[in-house]
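Everything below belongs to coords.cif, which stores mmCIF, C-alpha atoms and all ligand atoms.
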```
data_start
#
loop_
_atom_site.label_atom_id
_atom_site.label_comp_id
_atom_site.auth_asym_id
_atom_site.auth_seq_id
_atom_site.Cartn_x
_atom_site.Cartn_y
_atom_site.Cartn_z
CA MET A 141 124.40 106.93 108.75
CA ALA A 142 121.64 109.35 107.93
CA ILE A 143 122.16 112.10 105.39
CA THR A 144 120.82 115.31 106.87
CA ILE A 145 119.30 117.87 104.51
CA THR A 146 118.31 121.31 105.77
CA ILE A 147 115.89 123.49 103.80
CA ALA A 148 116.85 127.11 104.34
CA ASN A 149 116.22 130.62 103.14
CA GLU A 150 115.93 133.50 105.56
CA LYS A 151 112.99 134.81 103.58
CA GLY A 152 109.47 133.58 104.43
CA GLY A 153 106.89 132.30 101.95
CA VAL A 154 109.43 130.88 99.48
CA GLY A 155 108.34 127.23 99.75
CA LYS A 156 110.71 125.97 102.47
CA THR A 157 108.06 124.12 104.42
CA THR A 158 106.36 122.78 101.26
CA THR A 159 109.74 121.48 100.10
CA ALA A 160 110.70 119.99 103.48
CA VAL A 161 107.39 118.15 103.84
CA ASN A 162 107.23 116.82 100.29
CA LEU A 163 110.91 115.90 100.24
CA ALA A 164 110.57 113.96 103.50
CA ALA A 165 107.33 112.22 102.46
CA GLY A 166 108.59 111.49 98.94
CA LEU A 167 111.88 110.05 100.23
CA ALA A 168 109.88 107.84 102.60
CA LEU A 169 107.74 106.61 99.68
CA ARG A 170 110.76 105.94 97.47
CA LEU A 171 112.62 104.06 100.23
CA VAL A 172 109.68 102.15 101.68
CA ASP A 173 110.90 98.73 100.46
CA GLU A 174 114.44 99.14 101.80
CA PRO A 175 115.57 97.39 104.98
CA ALA A 176 114.41 99.29 108.08
CA THR A 177 117.23 101.72 108.82
CA ARG A 178 117.71 102.50 105.14
CA SER A 179 114.04 103.25 104.65
CA ARG A 180 113.37 105.59 107.57
CA VAL A 181 113.09 109.33 107.19
CA LEU A 182 112.94 111.80 110.09
CA LEU A 183 111.38 115.26 109.72
CA VAL A 184 112.57 117.93 112.16
CA ASP A 185 110.65 121.22 112.21
CA MET A 186 112.86 123.99 113.60
CA ASP A 187 110.28 126.68 112.80
CA PRO A 188 108.26 127.58 115.92
CA GLN A 189 105.22 127.91 113.63
CA VAL A 190 105.28 124.08 113.23
CA HIS A 191 103.76 124.30 109.75
CA ALA A 192 105.78 121.31 108.55
CA LEU A 193 104.42 119.16 111.36
CA LEU A 194 100.89 120.41 110.73
CA ALA A 195 101.32 119.38 107.09
CA ILE A 196 101.92 115.78 108.11
CA GLY A 197 98.83 115.67 110.28
CA TYR A 198 100.45 116.59 113.59
CA ASP A 199 97.80 118.88 115.09
CA LYS A 200 95.48 116.02 115.97
CA HIS A 201 97.92 114.78 118.58
CA GLN A 202 99.67 117.96 119.56
CA MET A 203 98.29 118.11 123.07
CA SER A 204 99.72 114.79 124.18
CA PHE A 205 103.45 115.61 124.14
CA PRO A 206 104.71 117.51 127.17
CA VAL A 207 108.37 117.08 126.10
CA SER A 208 109.26 118.26 122.65
CA LEU A 209 111.98 119.52 120.34
CA ALA A 210 112.49 122.62 122.50
CA THR A 211 113.42 120.44 125.49
CA LEU A 212 116.08 118.71 123.38
CA LEU A 213 117.55 122.11 122.55
CA THR A 214 117.54 123.73 125.97
CA GLU A 215 117.70 121.15 128.75
CA THR A 216 120.96 119.92 130.26
CA PRO A 217 121.22 117.01 130.00
CA PRO A 218 118.65 116.78 127.20
CA PRO A 219 116.03 114.00 127.28
CA SER A 220 116.52 111.01 125.00
CA ILE A 221 115.44 111.84 121.46
CA GLN A 222 114.49 108.21 120.81
CA ARG A 223 111.64 108.44 123.26
CA LEU A 224 110.31 111.62 121.65
CA ILE A 225 110.12 110.47 118.04
CA GLN A 226 106.68 109.69 116.61
CA ARG A 227 105.53 107.95 113.45
CA SER A 228 103.70 110.05 110.86
CA GLU A 229 100.08 109.48 110.06
CA TYR A 230 100.44 108.62 106.37
CA HIS A 231 103.77 106.84 105.91
CA PRO A 232 105.00 103.91 108.04
CA ASN A 233 108.66 104.94 107.56
CA LEU A 234 108.29 108.70 108.09
CA PHE A 235 108.93 109.98 111.61
CA TYR A 236 109.00 113.35 113.33
CA VAL A 237 110.03 115.05 116.54
CA PRO A 238 106.98 116.68 118.17
CA SER A 239 107.24 120.40 118.70
CA ASP A 240 105.38 123.13 120.47
CA ARG A 241 105.10 126.71 119.29
CA ALA A 242 105.38 128.51 122.61
CA ALA A 243 108.21 126.26 123.82
CA MET A 244 110.17 126.81 120.58
CA ILE A 245 109.79 130.57 120.83
CA ARG A 246 111.14 130.37 124.40
CA ALA A 247 113.98 128.10 123.23
CA ALA A 248 114.96 130.58 120.52
CA ARG A 249 115.16 133.28 123.16
CA GLU A 250 117.07 131.12 125.65
CA LEU A 251 119.61 129.48 123.33
CA PRO A 252 122.04 132.42 122.93
CA SER A 253 122.77 132.34 126.66
CA LEU A 254 123.31 128.56 126.82
CA MET A 255 126.57 126.72 126.38
CA ALA A 256 127.02 124.81 123.10
CA ASN A 257 124.03 126.73 121.80
CA GLU A 258 124.88 126.10 118.13
CA THR A 259 125.46 122.35 118.31
CA ARG A 260 122.54 121.18 120.39
CA LEU A 261 120.44 119.82 117.53
CA LEU A 262 123.47 118.09 115.98
CA ARG A 263 124.19 116.42 119.28
CA ALA A 264 120.58 115.33 119.80
CA LEU A 265 120.36 113.90 116.27
CA SER A 266 123.69 112.09 116.52
CA ALA A 267 121.98 109.61 118.86
CA VAL A 268 119.65 108.48 116.04
CA GLN A 269 121.86 109.00 112.97
CA SER A 270 122.27 105.27 112.43
CA GLU A 271 118.52 104.60 112.48
CA TYR A 272 117.57 106.82 109.53
CA ALA A 273 118.41 107.05 105.85
CA TYR A 274 117.54 110.77 105.72
CA ILE A 275 116.84 113.53 108.19
CA VAL A 276 115.06 116.56 106.67
CA ILE A 277 115.08 119.81 108.64
CA ASP A 278 112.72 122.73 108.03
CA THR A 279 113.85 126.14 109.29
CA PRO A 280 112.30 129.43 110.40
CA PRO A 281 112.41 132.48 108.11
CA ASN A 282 115.05 134.36 110.08
CA THR A 283 118.65 134.13 111.22
CA GLY A 284 119.12 133.00 114.75
CA ASP A 285 120.13 130.03 116.81
CA LEU A 286 117.33 127.82 115.45
CA LEU A 287 118.61 128.28 111.89
CA ILE A 288 122.24 127.91 112.99
CA ASN A 289 121.42 124.64 114.78
CA ALA A 290 119.70 123.37 111.62
CA LEU A 291 122.76 124.25 109.50
CA VAL A 292 125.29 122.82 111.95
CA ALA A 293 123.31 119.55 111.98
CA ALA A 294 123.19 119.38 108.15
CA ASP A 295 125.30 117.63 105.53
CA GLN A 296 123.52 119.37 102.67
CA VAL A 297 121.40 122.49 102.26
CA ILE A 298 118.64 123.05 99.71
CA VAL A 299 117.71 126.72 99.22
CA PRO A 300 114.21 127.31 97.82
CA VAL A 301 114.05 130.56 95.86
CA GLU A 302 110.77 132.15 94.94
CA THR A 303 110.74 133.19 91.27
CA SER A 304 108.46 136.19 91.59
CA TYR A 305 110.98 138.20 93.55
CA LEU A 306 114.70 137.55 93.73
CA GLY A 307 116.03 138.42 97.16
CA VAL A 308 119.70 138.34 96.20
CA SER A 309 120.85 140.08 99.37
CA GLY A 310 119.09 137.43 101.47
CA LEU A 311 120.77 134.66 99.46
CA ILE A 312 124.19 136.26 99.93
CA GLU A 313 123.56 136.56 103.64
CA LEU A 314 122.55 132.88 103.84
CA GLN A 315 125.71 131.95 101.94
CA ARG A 316 127.78 133.89 104.50
CA THR A 317 126.01 132.14 107.36
CA ILE A 318 126.76 128.78 105.70
CA GLU A 319 130.43 129.76 105.26
CA GLN A 320 130.60 130.60 108.98
CA VAL A 321 129.14 127.21 109.83
CA GLN A 322 131.69 125.54 107.51
CA THR A 323 134.55 127.43 109.15
CA HIS A 324 133.58 126.81 112.74
CA PHE A 325 131.72 123.51 112.73
CA LYS A 326 131.24 121.62 109.48
CA PRO A 327 133.89 121.94 106.74
CA ASP A 328 131.94 119.36 104.69
CA LEU A 329 128.60 121.20 104.74
CA LYS A 330 127.43 121.64 101.14
CA ILE A 331 124.77 123.58 99.32
CA MET A 332 123.11 120.87 97.23
CA GLY A 333 121.33 123.44 95.15
CA TYR A 334 118.95 126.34 94.70
CA LEU A 335 115.37 125.27 94.03
CA PRO A 336 113.25 127.74 92.05
CA THR A 337 109.74 127.62 93.54
CA LEU A 338 106.32 129.13 92.89
CA CYS A 339 107.25 129.49 89.19
CA GLU A 340 104.64 131.01 86.93
CA GLU A 341 105.43 130.32 83.29
CA GLN A 342 103.29 133.13 81.94
CA ARG A 343 105.04 135.83 83.89
CA SER A 344 108.03 137.49 82.34
CA GLU A 345 109.59 138.26 85.76
CA ALA A 346 109.68 134.53 86.46
CA GLN A 347 111.65 133.90 83.27
CA GLU A 348 114.00 136.78 84.03
CA ILE A 349 114.60 135.61 87.57
CA LEU A 350 115.19 132.03 86.41
CA ALA A 351 117.74 133.29 83.88
CA GLU A 352 119.42 135.44 86.54
CA LEU A 353 119.57 132.48 88.95
CA GLN A 354 120.99 130.28 86.21
CA SER A 355 123.77 132.74 85.39
CA ARG A 356 124.55 133.24 89.08
CA TYR A 357 124.44 129.64 90.33
CA LYS A 358 124.82 127.63 87.09
CA GLN A 359 124.71 123.88 87.68
CA MET A 360 123.51 124.41 91.25
CA ILE A 361 120.01 125.26 90.01
CA LEU A 362 117.60 122.39 90.62
CA PRO A 363 114.61 121.77 88.31
CA PRO A 364 111.91 124.33 89.18
CA ILE A 365 108.71 123.69 91.11
CA HIS A 366 105.78 125.49 89.46
CA LYS A 367 102.98 127.21 91.25
CA ALA A 368 100.33 124.52 91.72
CA SER A 369 97.07 124.65 93.60
CA ASP A 370 97.59 121.00 94.61
CA LEU A 371 100.50 122.09 96.82
CA ALA A 372 98.46 124.74 98.57
CA TYR A 373 95.42 122.44 98.95
CA ALA A 374 97.57 119.54 100.19
CA HIS A 375 99.09 121.88 102.77
CA SER A 376 95.72 123.12 104.00
CA SER A 377 94.45 119.51 104.12
CA HIS A 378 97.44 118.69 106.37
CA MET A 379 98.93 116.30 103.83
CA ASP A 380 102.00 115.98 101.68
CA VAL A 381 101.19 116.26 97.97
CA PHE A 382 101.93 112.56 97.31
CA THR A 383 99.25 111.59 99.83
CA TYR A 384 96.86 114.29 98.60
CA ARG A 385 97.24 113.33 94.91
CA PRO A 386 98.35 109.67 94.86
CA PRO A 387 98.84 107.69 91.63
CA ARG A 388 96.29 104.94 90.94
CA ILE A 389 98.88 102.27 91.65
CA ARG A 390 101.70 103.32 93.88
CA SER A 391 105.07 101.67 94.27
CA ALA A 392 108.51 102.77 95.42
CA ASP A 393 109.38 103.50 91.79
CA ASN A 394 106.11 105.20 91.00
CA ILE A 395 105.14 107.87 93.50
CA ALA A 396 103.97 110.65 91.17
CA SER A 397 100.48 110.99 89.73
CA SER A 398 98.88 113.12 87.02
CA SER A 399 99.41 116.09 89.32
CA ARG A 400 102.36 118.10 88.05
CA ALA A 401 103.44 119.02 91.57
CA THR A 402 103.94 115.34 92.42
CA ARG A 403 106.05 114.86 89.28
CA GLU A 404 108.19 117.91 90.03
CA TYR A 405 108.82 116.97 93.66
CA ALA A 406 109.46 113.35 92.57
CA SER A 407 112.18 114.67 90.22
CA LEU A 408 113.73 116.61 93.08
CA ILE A 409 113.72 113.43 95.17
CA ASP A 410 115.44 111.47 92.39
CA ILE A 411 118.12 114.15 92.22
CA VAL A 412 118.57 114.06 95.99
CA LEU A 413 118.87 110.26 95.93
CA MET A 414 121.38 110.48 93.09
CA LYS A 415 123.45 113.30 94.60
CA THR A 416 123.61 111.65 98.00
CA GLY A 417 124.66 108.40 96.42
CA THR A 418 121.93 106.11 97.64
CA ASN A 419 119.89 106.03 94.43
CA GLY A 420 117.04 104.46 96.36
CA ARG A 421 118.93 101.19 96.51
CA THR A 422 121.87 101.41 98.90
N1 LIG A 501 104.73 125.63 94.30
C1 LIG A 501 103.72 126.12 95.01
N2 LIG A 501 102.52 126.32 94.42
C2 LIG A 501 101.48 126.84 95.10
N3 LIG A 501 101.54 127.18 96.39
C3 LIG A 501 102.70 126.99 97.05
C4 LIG A 501 103.84 126.44 96.40
N4 LIG A 501 104.86 126.38 97.30
C5 LIG A 501 104.37 126.86 98.45
N5 LIG A 501 103.07 127.24 98.31
C6 LIG A 501 102.20 127.87 99.30
O1 LIG A 501 102.78 129.13 99.60
C7 LIG A 501 102.74 129.38 101.00
C8 LIG A 501 104.17 129.56 101.52
O2 LIG A 501 104.88 128.34 101.34
P1 LIG A 501 105.74 127.70 102.50
O3 LIG A 501 106.23 126.38 101.99
O4 LIG A 501 104.99 127.69 103.78
O5 LIG A 501 106.93 128.75 102.55
P2 LIG A 501 108.00 129.04 103.72
O6 LIG A 501 108.12 127.80 104.55
O7 LIG A 501 109.27 129.38 102.99
O8 LIG A 501 107.47 130.21 104.49
C9 LIG A 501 102.00 128.22 101.62
O9 LIG A 501 100.67 128.58 101.76
C10 LIG A 501 102.14 127.11 100.60
O10 LIG A 501 101.05 126.22 100.63
MG MG A 502 107.95 127.57 106.61
#
```
How does the structure come out when it is put into structure tokens?
Amino acid sequence: MAITITIANEKGGVGKTTTAVNLAAGLALRLVDEPATRSRVLLVDMDPQVHALLAIGYDKHQMSFPVSLATLLTETPPPSIQRLIQRSEYHPNLFYVPSDRAAMIRAARELPSLMANETRLLRALSAVQSEYAYIVIDTPPNTGDLLINALVAADQVIVPVETSYLGVSGLIELQRTIEQVQTHFKPDLKIMGYLPTLCEEQRSEAQEILAELQSRYKQMILPPIHKASDLAYAHSSHMDVFTYRPPRIRSADNIASSSRATREYASLIDIVLMKTGTNGRT
């Protein structure tokens, strides 16, 4: 059964999409030698902006999918998700559900008036749970049915937190939303951790915010991701950072290169593998 990890923070520009894309691609690289269903990773982009899909090279094919994620969320009965899923450009074991900006914006508007509006993604994904090791879900920067669907479908949540500005009230609100989801749908839903992102060592605010996060969330703080131009360039080149800055010789155990961003995201991936009990070798 797939382990579903949702990347959430109701604030925009905190590194959600960067984390979703590099987590999904890195997990695919680490699991590439596993038997089929234990090696596959599925990326689901619940943000209408489709930046996560663009970052795995999606735009080149965007025009050719008349049915997309939005149809799964709004149609009754929904189409089969199996038929929608596509393979990513760069990794043979990384897959995605095509999406469409306008259709997702319409879906977000329509969902509140539909029955089972909070559980539609969970239900769609349950049909392919057994075919994937991990499902990674990126979310939009606001509260609404798209975020709720992404949380209801999740086993674990990673919360990226930008270290130049600590939006504590936003984090508390997200925690409340997660508690609501636990109460009504998923008692086992867990916050895997808070991921400090866009860290700048030289800036004193960054150190203060890191210290504040550490005192607030203690062992739930994941190792920070520093600000790195490789991440921004990879994103604008429509690539994950492991593809953009590959090591000279790549293997499942060696996915990072001299680029610090690849090492930091590789560490996050090792922690995810460890915490979810698969350790890359189920
Ligand atoms: N660690 C980082 N270093 C440098 N740039 C980053 C880093 N993380 C994200 N970015 C850039 O910052 C912008 C916002 O990040 P993004 O992942 O899209 O945030 P969100 O999905 O939360 O809105 C993007 O342009 C992205 O390329
Ligand atoms: Mg985003």
Inset, instruction - Around the point (124.4, 135.1, 98.7) in the file's coordinates, collect all residues with an atom within 12 Å, using all atoms listed in the file, and return them as a list in words. - result: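 Every polymer residue passing the test: Asn149, Glu150, Val299, Val301, Leu306, Gly307, Val308, Ser309, Gly310, Leu311, Ile312, Glu313, Leu314, Gln315, Arg316, Thr317, Ile318, Glu319, Ile331, Tyr334, Leu353, Arg356 and Tyr357 of chain A.
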Once you count all atoms listed in the file, which residues end up within 10 Å of ligand LIG 501 (chain A), and could you hand them over as a compact mmCIF listing (two decimals) with C-alpha atoms, keeping the file's coordinate frame?
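So the final result, stored in part.txt, reads:
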```
# COMPACT_ATOMS: atom_id res chain seq x y z
CA ILE A 147 115.89 123.49 103.80
CA ALA A 148 116.85 127.11 104.34
CA ASN A 149 116.22 130.62 103.14
CA GLU A 150 115.93 133.50 105.56
CA LYS A 151 112.99 134.81 103.58
CA GLY A 152 109.47 133.58 104.43
CA GLY A 153 106.89 132.30 101.95
CA VAL A 154 109.43 130.88 99.48
CA GLY A 155 108.34 127.23 99.75
CA LYS A 156 110.71 125.97 102.47
CA THR A 157 108.06 124.12 104.42
CA THR A 158 106.36 122.78 101.26
CA THR A 159 109.74 121.48 100.10
CA ALA A 160 110.70 119.99 103.48
CA VAL A 161 107.39 118.15 103.84
CA ASN A 162 107.23 116.82 100.29
CA ASP A 187 110.28 126.68 112.80
CA GLN A 189 105.22 127.91 113.63
CA VAL A 190 105.28 124.08 113.23
CA HIS A 191 103.76 124.30 109.75
CA ALA A 192 105.78 121.31 108.55
CA ALA A 195 101.32 119.38 107.09
CA ASP A 278 112.72 122.73 108.03
CA THR A 279 113.85 126.14 109.29
CA PRO A 280 112.30 129.43 110.40
CA PRO A 281 112.41 132.48 108.11
CA VAL A 299 117.71 126.72 99.22
CA PRO A 300 114.21 127.31 97.82
CA VAL A 301 114.05 130.56 95.86
CA GLU A 302 110.77 132.15 94.94
CA PRO A 336 113.25 127.74 92.05
CA THR A 337 109.74 127.62 93.54
CA LEU A 338 106.32 129.13 92.89
CA CYS A 339 107.25 129.49 89.19
CA GLU A 340 104.64 131.01 86.93
CA PRO A 364 111.91 124.33 89.18
CA ILE A 365 108.71 123.69 91.11
CA HIS A 366 105.78 125.49 89.46
CA LYS A 367 102.98 127.21 91.25
CA ALA A 368 100.33 124.52 91.72
CA SER A 369 97.07 124.65 93.60
CA ASP A 370 97.59 121.00 94.61
CA LEU A 371 100.50 122.09 96.82
CA ALA A 372 98.46 124.74 98.57
CA TYR A 373 95.42 122.44 98.95
CA ALA A 374 97.57 119.54 100.19
CA HIS A 375 99.09 121.88 102.77
CA SER A 376 95.72 123.12 104.00
CA ALA A 401 103.44 119.02 91.57
CA GLU A 404 108.19 117.91 90.03
CA TYR A 405 108.82 116.97 93.66
```
Legend entry - Counting only C-alpha atoms and all ligand atoms, the option among A:Pro188, A:Pro219, A:Pro232, A:Pro175 closest to ligand MG 502 (chain A):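 Smallest separation from ligand MG 502 (chain A) among the options: A:Pro188.
Surrounding residues of (119.0, 120.8, 102.7) at most 6 Å away are Ile145, Thr146, Ile147, Gln296, Val297 and Ile298 of chain A (based on only C-alpha atoms).
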Inset, instruction - To one decimal in Å, tell me the separation between atom CA of His324 of chain A and atom CA of Val292 of chain A. - result: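 About the pair atom CA of His324 of chain A and atom CA of Val292 of chain A: they are 9.2 Å apart.
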Inset, instruction - Have a look at A:Leu254, A:Val184, A:Ile143, A:Leu224 and name the one nearest to Gly417 of chain A; count all atoms listed in the file. - result: A:Ile143
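Ranking A:Asp380, A:Ala273, A:Leu167, A:Val412 by their shortest atom-to-atom distance to Asp393 of chain A, with only C-alpha atoms included, puts A:Leu167 first.
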Inset, instruction - Tell me which of A:Met379, A:Ile245, A:Ile288, A:Met255 sits closest to Glu229 of chain A, counting only C-alpha atoms. - result: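 The shortest atom-to-atom distance to Glu229 of chain A comes from A:Met379.
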